[in-house]
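In what follows, a single structure is set out as structure tokens and then discussed.
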Amino acid sequence: MSDPAELPAADLAIVATVSDLDRAADVLLPLLECSYNVLSICEELAHPWRSHPDLARRLDDTAKAHGVTVLGSGANPGVLMDTLPLLLTVLTQRVESVRIRRRTNMSRYGAILSKFGLGLTTREFATARSRGEVVGHHGFEQAVGALAAGLGWDLDSVDVGEVEPAVVTTSPRVGDHMRIEPGQIAAVTHAARGVLKGDVVIDLEITFGFFEPADEVVAGDDYRIVGEEQVVDLRSSVGFDSFLSTIAAAVNASTAVVEARPGLLSMGDLPARSVAAKGARRAGRASLGATTSQD
């Protein structure tokens with residue numbers, strides 16, 4: 001439908017369209033004005049207070065005026081890049097720095113692969129990047145901002161680097177929606193830094209790609225929280241699947257959004273229990289539906 005006013009009554013609207021918040025707002029604001037609670041996987045909505053202050057204020061004001069909630073939910077940023085690291089900081093009284101290295105398998109994805117430059121030769125990649133056609137990961141500034149806000153840090157700057165090729169394949173690699181041929185880029189790396197008083201206190205880096213066992217870069221996740229009393233390390237040799245994690249985060253947060261206070265919220269604003277896995281609840285509804293059908 002072209003007009004949100006034509007939509008049926010509902011507690012929640014889920015927006016899964018674009019990564020650019022300025023574009024997503026054209027859908028988010030009319031839904032809020034129609035008094036829908038809104039959950040979106042738009043990366044730049046995860047914590048837009050620093051990156052889009054005027055738009056964040058407008059979304060917050062509009063949601064409050066209509067008594068509803070708007071939430072940016074996702075994996076990167078969202079749970080894996082800010083909420084989980086913040087939970088780990090509970091284990092130290094004073095955090096000195098946060099370092100995250102994610103190497104995530106993108107073979108399930110489709111249309112968004114173009115923004116990473118996967119499947120291009122290195123020459124094609126350089127040309128596309130100079131034209132702004134390869135931008136890498138949306139959401140670094142939001143992830144750094146959410147981490148800093150949670151730790152009470154007023155950063156000097158958030159520095160987002162350029163996306164760079166990481167692996168050029170020598171054999172075909174096949175995903176659900178793309179085939180990468182020999183001589184083409186199979187993985188890229190993108191990074192961002194949060195600087196406080198001249199020191200890098202937040203250091204994020206993600207490698208996105210189609211991985212194979214022989215690669216020097218393999219899928220996995222490393223979190224390091226350097227604290228005053230101890231260093232907290234969390235490592236996963238397999239890594240968290242971003243595709244499945246994004247879906248799960250949105251599904252599990254859906255009830256919490258409806259029940260939350262009005263306004264613009266981030267995942268870190270929601271109590272952990274409210275976004276915990278809802279599988280049992282879902283199974284209960286399925287069982288009830290089956291019983292009703294039989295009766």
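In the structure tokens, chains take letters A, B, ... by order of appearance, with residues numbered from 1 within each chain and ligands from 1 in the order shown.
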
Exercise: Trp153 (chain A) partners within 9 Å, only C-alpha atoms, chain neighbours under 5 positions left out, as a ChimeraX atom specification: /A:147-148,196

Could you write out that same residue set with C-alpha atoms as a CSV table (one decimal), in the first residue's frame?
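The file below, result.csv, is the result:
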chain,number,residue,atom,x,y,z
A,147,LEU,CA,28.9,1.9,23.5
A,148,ALA,CA,30.2,5.3,24.5
A,196,LEU,CA,38.5,9.9,24.0

Determine, for each residue of region 219-291 of chain A having at least one atom at most 12 Å from an atom of region 122-143 of chain A, the closest pair of atoms and their separation in Å to one decimal, counting only C-alpha atoms; order by chain and ascending number, as JSON lines.
{"residue": "A:Ser266", "atom": "CA", "partner": "A:Gln142", "partner_atom": "CA", "distance": 10.1}
{"residue": "A:Met267", "atom": "CA", "partner": "A:Ala143", "partner_atom": "CA", "distance": 10.9}
{"residue": "A:Gly268", "atom": "CA", "partner": "A:Ala143", "partner_atom": "CA", "distance": 10.9}

Export C-alpha atoms of the chosen residues as a PDB file, in the first residue's frame?
ATOM      1  CA  SER A 266      17.828   1.611  21.404  1.00  0.00           C
ATOM      2  CA  MET A 267      18.291  -2.073  22.228  1.00  0.00           C
ATOM      3  CA  GLY A 268      20.303  -1.049  25.287  1.00  0.00           C
TER       4      GLY A 268
END

Distance query Ser242 (chain A) at most 9 Å, only C-alpha atoms, self and fewer than 4 positions along chain excluded, as a list of chain:residue names: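 The contact residues come out as A:Gly74, A:Ala75, A:Asn76, A:Leu80, A:Thr104, A:Asn105, A:Met106, A:Thr246, A:Ile247.
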
Selected residues written out, C-alpha atoms, as an mmCIF file, in the first residue's frame:
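Wrote selection33.cif, looks like this:
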data_model
loop_
_atom_site.group_PDB
_atom_site.id
_atom_site.type_symbol
_atom_site.label_atom_id
_atom_site.label_comp_id
_atom_site.auth_asym_id
_atom_site.auth_seq_id
_atom_site.Cartn_x
_atom_site.Cartn_y
_atom_site.Cartn_z
ATOM 1 C CA GLY A 74 19.659 -5.553 14.655
ATOM 2 C CA ALA A 75 22.929 -7.408 15.061
ATOM 3 C CA ASN A 76 25.477 -4.905 13.655
ATOM 4 C CA LEU A 80 26.528 -7.921 18.811
ATOM 5 C CA THR A 104 30.947 -12.676 9.578
ATOM 6 C CA ASN A 105 29.775 -14.990 6.820
ATOM 7 C CA MET A 106 27.712 -13.127 4.210
ATOM 8 C CA THR A 246 19.316 -9.975 12.907
ATOM 9 C CA ILE A 247 16.100 -11.942 12.444
#

Members of region 14-112 of chain A assigned strand (DSSP E) by DSSP, as a list in words: Ile14, Val15, Asn37, Val38, Leu39, Ser40, Thr69, Val70, Leu71, Gly72, Val95, Glu96, Ser97, Val98, Arg99, Ile100, Arg101, Arg102, Arg103, Thr104 and Asn105 of chain A

If you keep C-alpha atoms, can you produce a file of those selected residues as a PDB file, in the first residue's frame?
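What landed in out.pdb:
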ATOM      1  CA  ILE A  14       8.220  -3.834  11.224  1.00  0.00           C
ATOM      2  CA  VAL A  15      10.308  -1.904   8.677  1.00  0.00           C
ATOM      3  CA  ASN A  37       4.760   1.064  17.398  1.00  0.00           C
ATOM      4  CA  VAL A  38       7.662   0.645  14.962  1.00  0.00           C
ATOM      5  CA  LEU A  39      10.631  -1.726  14.927  1.00  0.00           C
ATOM      6  CA  SER A  40      13.209  -1.388  12.150  1.00  0.00           C
ATOM      7  CA  THR A  69       7.690   3.463  20.552  1.00  0.00           C
ATOM      8  CA  VAL A  70      10.257   3.290  17.748  1.00  0.00           C
ATOM      9  CA  LEU A  71      13.264   0.975  18.023  1.00  0.00           C
ATOM     10  CA  GLY A  72      16.302   0.211  15.889  1.00  0.00           C
ATOM     11  CA  VAL A  95      36.451   0.178  31.598  1.00  0.00           C
ATOM     12  CA  GLU A  96      39.564   1.472  29.869  1.00  0.00           C
ATOM     13  CA  SER A  97      38.892   0.215  26.334  1.00  0.00           C
ATOM     14  CA  VAL A  98      36.675  -2.018  24.210  1.00  0.00           C
ATOM     15  CA  ARG A  99      37.994  -3.989  21.231  1.00  0.00           C
ATOM     16  CA  ILE A 100      35.789  -6.072  18.919  1.00  0.00           C
ATOM     17  CA  ARG A 101      36.777  -8.172  15.928  1.00  0.00           C
ATOM     18  CA  ARG A 102      33.968  -9.791  13.951  1.00  0.00           C
ATOM     19  CA  ARG A 103      34.418 -11.974  10.885  1.00  0.00           C
ATOM     20  CA  THR A 104      30.947 -12.676   9.578  1.00  0.00           C
ATOM     21  CA  ASN A 105      29.775 -14.990   6.820  1.00  0.00           C
TER      22      ASN A 105
END

Which residue of A:Val90, A:Leu120, A:Ile206, A:Leu270 approaches Pro77 (chain A) most closely, using only C-alpha atoms: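 Checking each of A:Val90, A:Leu120, A:Ile206, A:Leu270 against Pro77 (chain A), counting only C-alpha atoms, the winner is A:Ile206.
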
Spatial neighbours of Glu181 (chain A), 8 Å, only C-alpha atoms, chain gap at least 6 places, as a ChimeraX atom specification: /A:119,169-173

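Of note, CA of Val195 (chain A) and CA of Val163 (chain A) are spaced 19.4 Å apart.
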
Nearest to Thr255 (chain A), chosen from A:Asp3, A:Asp11, A:Glu229, A:Glu212, with only C-alpha atoms counted in the distances: A:Asp11

Which of A:His190, A:Asn252, A:Glu205, A:Ala46 sits closest to Ala272 (chain A) [using only C-alpha atoms]: A:Asn252

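Of the residues listed (A:Arg235, A:Lys64, A:Arg108, A:Lys115), A:Lys64 shows the shortest atom-to-atom separation from Leu29 (chain A); distances use only C-alpha atoms.
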
Of the listed residues A:Ser236, A:Ser19, A:Thr62, A:Ser254, that which approaches Ile41 (chain A) most closely, counting only C-alpha atoms: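 Among the listed residues, A:Ser19 lies closest to Ile41 (chain A).
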